[in-house]
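Quick look at target38.txt (compact mmCIF, C-alpha atoms and all ligand atoms):
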```txt
# COMPACT_ATOMS: atom_id res chain seq x y z
CA MET A 7 20.88 -50.25 118.02
CA GLN A 8 18.99 -51.37 114.93
CA THR A 9 15.52 -50.92 116.38
CA ALA A 10 13.89 -48.98 119.15
CA ASP A 11 11.51 -51.90 119.68
CA LYS A 12 11.53 -52.67 123.42
CA LYS A 13 9.95 -56.04 122.61
CA ARG A 14 12.64 -57.21 120.22
CA ILE A 15 13.10 -60.43 122.20
CA ILE A 16 10.76 -63.27 121.24
CA ILE A 17 10.64 -66.08 123.79
CA ALA A 18 10.22 -69.51 122.15
CA LEU A 19 7.53 -71.37 124.09
CA ASP A 20 8.82 -74.81 123.08
CA PHE A 21 6.64 -76.83 125.45
CA PRO A 22 4.71 -80.07 124.92
CA ASP A 23 1.39 -78.78 126.28
CA GLU A 24 -0.64 -75.65 126.89
CA ARG A 25 -0.40 -75.79 130.68
CA SER A 26 3.42 -75.64 130.72
CA ALA A 27 3.51 -72.98 128.00
CA LEU A 28 1.06 -70.72 129.85
CA ALA A 29 2.86 -71.31 133.15
CA MET A 30 6.01 -69.92 131.48
CA ALA A 31 4.12 -67.06 129.82
CA ASP A 32 2.67 -66.11 133.20
CA GLN A 33 6.21 -65.54 134.47
CA LEU A 34 6.89 -63.08 131.64
CA ASP A 35 5.69 -59.53 131.00
CA PRO A 36 3.94 -58.93 127.64
CA ALA A 37 5.23 -55.35 127.73
CA LEU A 38 8.83 -56.60 127.71
CA CYS A 39 8.85 -59.49 125.22
CA ARG A 40 6.92 -61.35 122.55
CA VAL A 41 6.36 -65.11 122.44
CA LYS A 42 6.70 -67.78 119.77
CA VAL A 43 4.38 -70.74 119.31
CA GLY A 44 6.02 -73.42 117.20
CA LYS A 45 5.07 -76.75 115.71
CA GLU A 46 5.28 -78.80 118.91
CA LEU A 47 3.04 -76.58 121.02
CA PHE A 48 0.60 -75.80 118.20
CA THR A 49 0.25 -79.46 117.26
CA ALA A 50 -0.44 -80.36 120.88
CA ALA A 51 -2.60 -77.41 121.92
CA GLY A 52 -3.97 -75.87 118.71
CA PRO A 53 -5.41 -72.35 118.28
CA HIS A 54 -6.61 -72.34 121.90
CA VAL A 55 -3.13 -71.64 123.26
CA VAL A 56 -2.75 -68.73 120.82
CA ARG A 57 -6.04 -67.24 122.03
CA GLU A 58 -4.94 -67.66 125.65
CA LEU A 59 -1.66 -65.85 124.92
CA ASN A 60 -3.52 -63.07 123.06
CA ALA A 61 -5.86 -62.75 126.04
CA ARG A 62 -2.76 -62.18 128.19
CA ASP A 63 -1.73 -59.36 125.78
CA PHE A 64 1.23 -61.20 124.26
CA ASP A 65 2.18 -60.60 120.64
CA VAL A 66 2.45 -64.11 119.18
CA PHE A 67 4.83 -65.25 116.45
CA LEU A 68 3.12 -68.34 115.00
CA ASP A 69 6.16 -70.24 113.73
CA LEU A 70 4.58 -72.95 111.55
CA LYS A 71 6.89 -72.47 108.53
CA PHE A 72 4.24 -73.20 105.88
CA HIS A 73 5.61 -74.97 102.78
CA ASP A 74 3.09 -76.34 100.27
CA ILE A 75 1.42 -75.49 96.97
CA PRO A 76 0.49 -71.79 96.69
CA SER A 77 -3.27 -72.17 97.29
CA THR A 78 -2.73 -74.32 100.39
CA VAL A 79 -0.18 -71.91 101.85
CA ALA A 80 -2.51 -68.99 101.06
CA GLY A 81 -5.29 -70.72 102.99
CA ALA A 82 -3.00 -71.46 105.93
CA CYS A 83 -1.82 -67.82 106.03
CA ARG A 84 -5.45 -66.64 105.95
CA ALA A 85 -6.35 -68.93 108.85
CA ALA A 86 -3.24 -67.86 110.81
CA SER A 87 -4.04 -64.17 110.25
CA ARG A 88 -7.50 -64.75 111.68
CA LEU A 89 -5.89 -65.97 114.90
CA LYS A 90 -4.76 -62.32 115.24
CA VAL A 91 -1.13 -63.20 115.67
CA TRP A 92 1.71 -60.68 115.31
CA MET A 93 3.93 -62.65 112.91
CA ILE A 94 3.65 -65.77 110.73
CA ASN A 95 6.14 -67.47 108.43
CA VAL A 96 6.56 -69.71 105.39
CA HIS A 97 9.54 -71.46 103.76
CA ALA A 98 11.15 -69.29 101.06
CA SER A 99 12.12 -72.47 99.18
CA GLY A 100 8.40 -72.98 98.44
CA GLY A 101 9.08 -70.63 95.54
CA GLU A 102 8.06 -67.21 94.24
CA ALA A 103 4.45 -68.12 93.41
CA MET A 104 3.95 -69.53 96.90
CA LEU A 105 5.47 -66.42 98.53
CA LYS A 106 3.25 -64.12 96.45
CA ALA A 107 0.16 -66.20 97.27
CA ALA A 108 1.00 -65.91 100.99
CA ARG A 109 1.45 -62.14 100.63
CA ALA A 110 -1.88 -61.73 98.81
CA ALA A 111 -3.73 -63.87 101.37
CA VAL A 112 -2.43 -61.82 104.32
CA ASP A 113 -3.08 -58.52 102.52
CA ALA A 114 -6.73 -59.45 102.01
CA GLU A 115 -7.28 -59.80 105.78
CA SER A 116 -8.36 -57.07 108.18
CA HIS A 117 -5.70 -58.18 110.69
CA ARG A 118 -2.37 -58.48 108.85
CA PRO A 119 0.47 -60.14 110.77
CA LEU A 120 4.07 -59.59 109.70
CA LEU A 121 4.83 -62.22 107.06
CA THR A 122 8.36 -63.62 107.08
CA ALA A 123 10.13 -66.53 105.39
CA VAL A 124 12.70 -69.05 106.56
CA THR A 125 15.60 -69.03 104.10
CA VAL A 126 17.75 -72.06 104.98
CA LEU A 127 17.29 -73.91 108.26
CA THR A 128 20.26 -73.12 110.48
CA SER A 129 20.57 -76.85 111.17
CA LEU A 130 21.53 -77.53 107.53
CA SER A 131 25.17 -77.53 106.45
CA THR A 132 26.26 -76.71 102.91
CA ALA A 133 26.87 -80.45 102.33
CA GLU A 134 23.32 -81.33 103.41
CA LEU A 135 21.89 -78.49 101.35
CA GLN A 136 23.69 -79.70 98.24
CA ALA A 137 22.60 -83.29 98.95
CA VAL A 138 18.96 -82.14 98.68
CA GLY A 139 19.71 -80.45 95.36
CA PHE A 140 20.73 -76.83 96.09
CA LYS A 141 23.74 -75.93 93.94
CA ASP A 142 25.27 -73.13 96.04
CA ASP A 143 26.73 -72.95 99.53
CA ALA A 144 24.49 -72.06 102.49
CA LEU A 145 25.26 -68.32 102.59
CA THR A 146 24.75 -67.85 98.84
CA THR A 147 21.48 -69.78 99.07
CA VAL A 148 20.34 -67.68 102.04
CA GLN A 149 21.10 -64.51 100.09
CA SER A 150 19.24 -65.54 96.96
CA LEU A 151 16.21 -66.81 98.93
CA ALA A 152 16.16 -63.56 100.96
CA ALA A 153 16.26 -61.53 97.72
CA MET A 154 13.34 -63.57 96.36
CA THR A 155 11.45 -63.09 99.63
CA GLU A 156 11.94 -59.32 99.53
CA ALA A 157 10.96 -59.13 95.85
CA ALA A 158 7.74 -61.03 96.64
CA GLY A 159 6.89 -58.28 99.13
CA LEU A 160 7.28 -60.20 102.39
CA ASP A 161 8.26 -58.33 105.55
CA GLY A 162 11.47 -60.17 106.41
CA VAL A 163 13.31 -63.44 106.89
CA VAL A 164 14.26 -65.79 109.70
CA CYS A 165 18.01 -66.35 109.45
CA SER A 166 21.11 -67.04 111.47
CA ALA A 167 22.50 -63.89 113.12
CA VAL A 168 25.82 -64.99 111.64
CA GLU A 169 24.31 -64.37 108.18
CA ALA A 170 22.66 -61.10 109.19
CA PRO A 171 25.47 -58.67 108.23
CA ALA A 172 25.63 -60.00 104.66
CA LEU A 173 21.84 -59.74 104.35
CA ARG A 174 21.61 -56.30 106.00
CA ARG A 175 23.88 -54.89 103.30
CA ARG A 176 21.55 -56.15 100.55
CA VAL A 177 17.99 -55.70 101.84
CA LYS A 178 16.02 -52.54 102.56
CA PRO A 179 16.32 -51.17 106.14
CA ALA A 180 12.65 -51.96 106.85
CA PHE A 181 13.10 -55.64 105.91
CA LYS A 182 13.08 -57.54 109.21
CA LEU A 183 15.78 -60.01 110.19
CA VAL A 184 14.56 -62.49 112.82
CA THR A 185 17.40 -64.49 114.37
CA PRO A 186 17.42 -67.60 116.60
CA GLY A 187 20.55 -69.30 118.00
CA ILE A 188 21.14 -66.70 120.73
CA ARG A 189 23.21 -67.56 123.82
CA LEU A 190 24.95 -65.72 126.67
CA PRO A 191 28.48 -66.98 127.43
CA GLU A 192 27.18 -68.98 130.45
CA ASP A 193 24.45 -70.78 128.45
CA ALA A 194 24.72 -74.29 127.00
CA ALA A 195 24.53 -74.28 123.20
CA GLY A 196 22.17 -77.30 123.20
CA ASP A 197 21.53 -78.43 119.62
CA GLN A 198 22.32 -75.01 118.13
CA VAL A 199 25.47 -75.24 116.03
CA ARG A 200 26.37 -71.58 115.49
CA VAL A 201 25.48 -69.45 118.49
CA ILE A 202 25.90 -65.73 119.00
CA THR A 203 25.33 -63.33 121.91
CA PRO A 204 22.34 -60.95 121.94
CA GLN A 205 24.64 -57.93 121.61
CA GLU A 206 26.41 -59.46 118.59
CA ALA A 207 23.07 -60.34 116.97
CA VAL A 208 21.83 -56.75 117.26
CA ALA A 209 25.19 -55.37 116.08
CA ASN A 210 24.90 -57.72 113.09
CA GLY A 211 21.59 -56.13 112.10
CA ALA A 212 19.00 -58.43 113.69
CA ASP A 213 15.64 -56.77 114.42
CA PHE A 214 14.15 -59.56 116.54
CA LEU A 215 15.95 -62.18 118.61
CA VAL A 216 14.31 -65.57 119.16
CA ILE A 217 15.46 -66.96 122.49
CA GLY A 218 14.22 -70.23 123.96
CA ARG A 219 16.06 -72.36 126.48
CA PRO A 220 18.41 -69.67 127.85
CA VAL A 221 15.27 -67.98 129.29
CA THR A 222 12.71 -70.79 129.57
CA GLY A 223 15.27 -73.12 131.18
CA ALA A 224 16.57 -70.50 133.63
CA LYS A 225 15.75 -70.69 137.35
CA ASP A 226 14.41 -67.14 137.12
CA PRO A 227 13.16 -66.61 133.52
CA ARG A 228 11.97 -63.06 134.18
CA GLY A 229 15.33 -62.12 135.74
CA LYS A 230 17.28 -63.71 132.88
CA LEU A 231 15.22 -61.80 130.31
CA ALA A 232 15.78 -58.55 132.24
CA ARG A 233 19.53 -59.22 132.23
CA ILE A 234 19.55 -59.78 128.46
CA GLN A 235 17.57 -56.58 127.94
CA GLN A 236 19.95 -54.65 130.15
CA LEU A 237 22.90 -55.97 128.14
CA LEU A 238 21.22 -54.76 124.94
CA GLU A 239 20.46 -51.34 126.38
CA THR A 240 24.06 -50.80 127.38
CA THR A 241 25.45 -52.00 124.02
O1 LIG B 301 16.08 -72.85 122.79
P1 LIG B 301 16.61 -72.06 121.63
O2 LIG B 301 17.04 -70.66 122.01
O3 LIG B 301 17.66 -72.81 120.84
O4 LIG B 301 15.32 -71.89 120.69
C1 LIG B 301 15.39 -71.34 119.40
C2 LIG B 301 14.05 -71.40 118.76
O5 LIG B 301 14.18 -70.90 117.42
C3 LIG B 301 13.43 -72.78 118.63
O6 LIG B 301 12.02 -72.63 118.78
C4 LIG B 301 13.76 -73.21 117.22
O7 LIG B 301 12.79 -74.06 116.68
C5 LIG B 301 13.73 -71.87 116.49
N1 LIG B 301 14.50 -71.83 115.26
C6 LIG B 301 15.85 -72.08 115.21
N2 LIG B 301 16.53 -72.04 114.01
C7 LIG B 301 15.87 -71.73 112.89
C8 LIG B 301 14.50 -71.46 112.92
C9 LIG B 301 13.84 -71.52 114.15
O8 LIG B 301 16.48 -72.34 116.23
N3 LIG B 301 16.53 -71.65 111.75
```
Just give me the structure as structure tokens.
Amino acid sequence: MQTADKKRIIIALDFPDERSALAMADQLDPALCRVKVGKELFTAAGPHVVRELNARDFDVFLDLKFHDIPSTVAGACRAASRLKVWMINVHASGGEAMLKAARAAVDAESHRPLLTAVTVLTSLSTAELQAVGFKDDALTTVQSLAAMTEAAGLDGVVCSAVEAPALRRRVKPAFKLVTPGIRLPEDAAGDQVRVITPQEAVANGADFLVIGRPVTGAKDPRGKLARIQQLLETT
């Protein structure tokens, strides 16, 4: 096991409104998982839903993937830190100055969430990446953006668990790898292209697993989460 963190699973609360998101959170135990608030829920419900989740003792990953000029991203990271969330993220392709501005903004706060960066969206193929102007293939781009992220002092990256072994070999052990695209054999892949089981993700070096629909779409979300955790404990 790469981490002793019992709460390595982050449940993606991809819901259109606060009521549905909190109804799901209320079926989960904050001692056994963390939760992720992404662009859909935050745009609909705003900081209020984050405060409600904090009040229920959940660690919140605020997944807003900031990507803008350095001063704007710094301001967004400052505001996100003040929501007392556990983790925030930016896009590594915003560049070194933007990453350093984000780092400095978080470091100046009394509550400092983990600061991670998205390397390449897992939905992008090498062909699409090159069409937007990147010269290398997806894995090479992921590796160079992860190296830049680590050099800028961020705490980790969001990446595909398929890419995790190649990154694990290059980054420091404390550098966090956060991986979505997790499925058990019985789950539908949905719109995820490259899926991997929780055990494979951890074996590949992932520290935190982002899991959405396999848990939130299950008849018994709490039971499904317990089953995934049991699988990880016996790996
Ligand atoms: O439902 P599912 O398990 O596919 O949810 C995965 C979550 O991880 C979603 O919230 C999605 O936005 C997020 N994510 C992802 N791929 C990335 C970055 C984030 O699937 N590269």
- Message: If we count only C-alpha atoms and set the cut-off at 12 Å, which residues sit around segment 70-72 of chain A, ignoring sequence neighbours fewer than 3 positions away in its own chain? Please answer as a ChimeraX atom specification.
- Response: /A:42-49,52,66-67,75-86,93-101,104-105,107-108,121-127,163-164
- All residues having an atom within 6 Å of ligand LIG 301 (chain B) (only C-alpha atoms and all ligand atoms) as a count of residues only: 13
- Grab the atom CA of Thr146 of chain A to atom CA of Ser166 of chain A distance for me, in Å with one decimal place. 13.2 Å
Around all the atoms of segment 132-144 of chain A listed in the file, draw an axis-aligned box and extend it by 4 Å on each of the six sides; I want its centre and edge lengths in Å to one decimal, as lines of an AutoDock Vina configuration file.
```
center_x = 22.9
center_y = -77.7
center_z = 98.7
size_x = 15.9
size_y = 19.2
size_z = 17.5
```
- When you draw a straight line from atom CA of Pro191 of chain A to atom CA of Leu34 of chain A, how long is it in Å?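 We find that atom CA of Pro191 of chain A and atom CA of Leu34 of chain A lie 22.3 Å from each other.
Interatomic distance, atom CA of Ala50 of chain A to atom CA of Glu24 of chain A: 7.6 Å.
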- Item | Residues within 8 Å of Gln205 of chain A, only C-alpha atoms, excluding chain neighbours under 6 positions, as a count of residues only | 3
- Task: Identify which of the residues A:Arg109, A:Lys141, A:Arg189, A:Arg175 lies closest to Thr155 of chain A, counting all atoms listed in the file when measuring atom-to-atom distances.
- Result: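 Comparing A:Arg109, A:Lys141, A:Arg189, A:Arg175 against Thr155 of chain A, the winner is A:Arg109.
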- Selection near Arg62 of chain A, 12 Å with only C-alpha atoms, sequence-local residues under 5 positions removed, as a list of chain:residue names: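 The neighbour list is A:Leu28, A:Ala29, A:Ala31, A:Asp32, A:Gln33, A:Leu34, A:Asp35, A:Pro36, A:Ala37, A:Arg40, A:Val41, A:Val55, A:Val56, A:Arg57.
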- Message: Would you pick out the contacts of Ile234 of chain A at 10 Å or less, using all atoms listed in the file, so that residues sharing its chain but fewer than 5 positions from it are not included, and give the list as number ranges by chain?
- Response: A: 15, 189-190, 203-205, 220-221, 229, 239
- Task: May I have the residues at most 8 Å from (25.0, -62.4, 112.0) in the file's coordinates, counting only C-alpha atoms, as number ranges by chain?
- Result: A: 166-172, 202, 206-207, 210-212
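With distances taken over all atoms listed in the file, A:Lys90 is the one residue among A:His117, A:Lys90, A:Lys182, A:Arg233 lying closest to Phe64 of chain A.
Nearest to Gly162 of chain A of all the residues A:Gly223, A:Gly139, A:Pro119, A:Pro22 is A:Pro119, based on only C-alpha atoms.
Of the residues listed (A:Leu130, A:Leu59, A:Val112, A:Ala103), A:Val112 shows the shortest atom-to-atom separation from Ser87 of chain A; distances use all atoms listed in the file.
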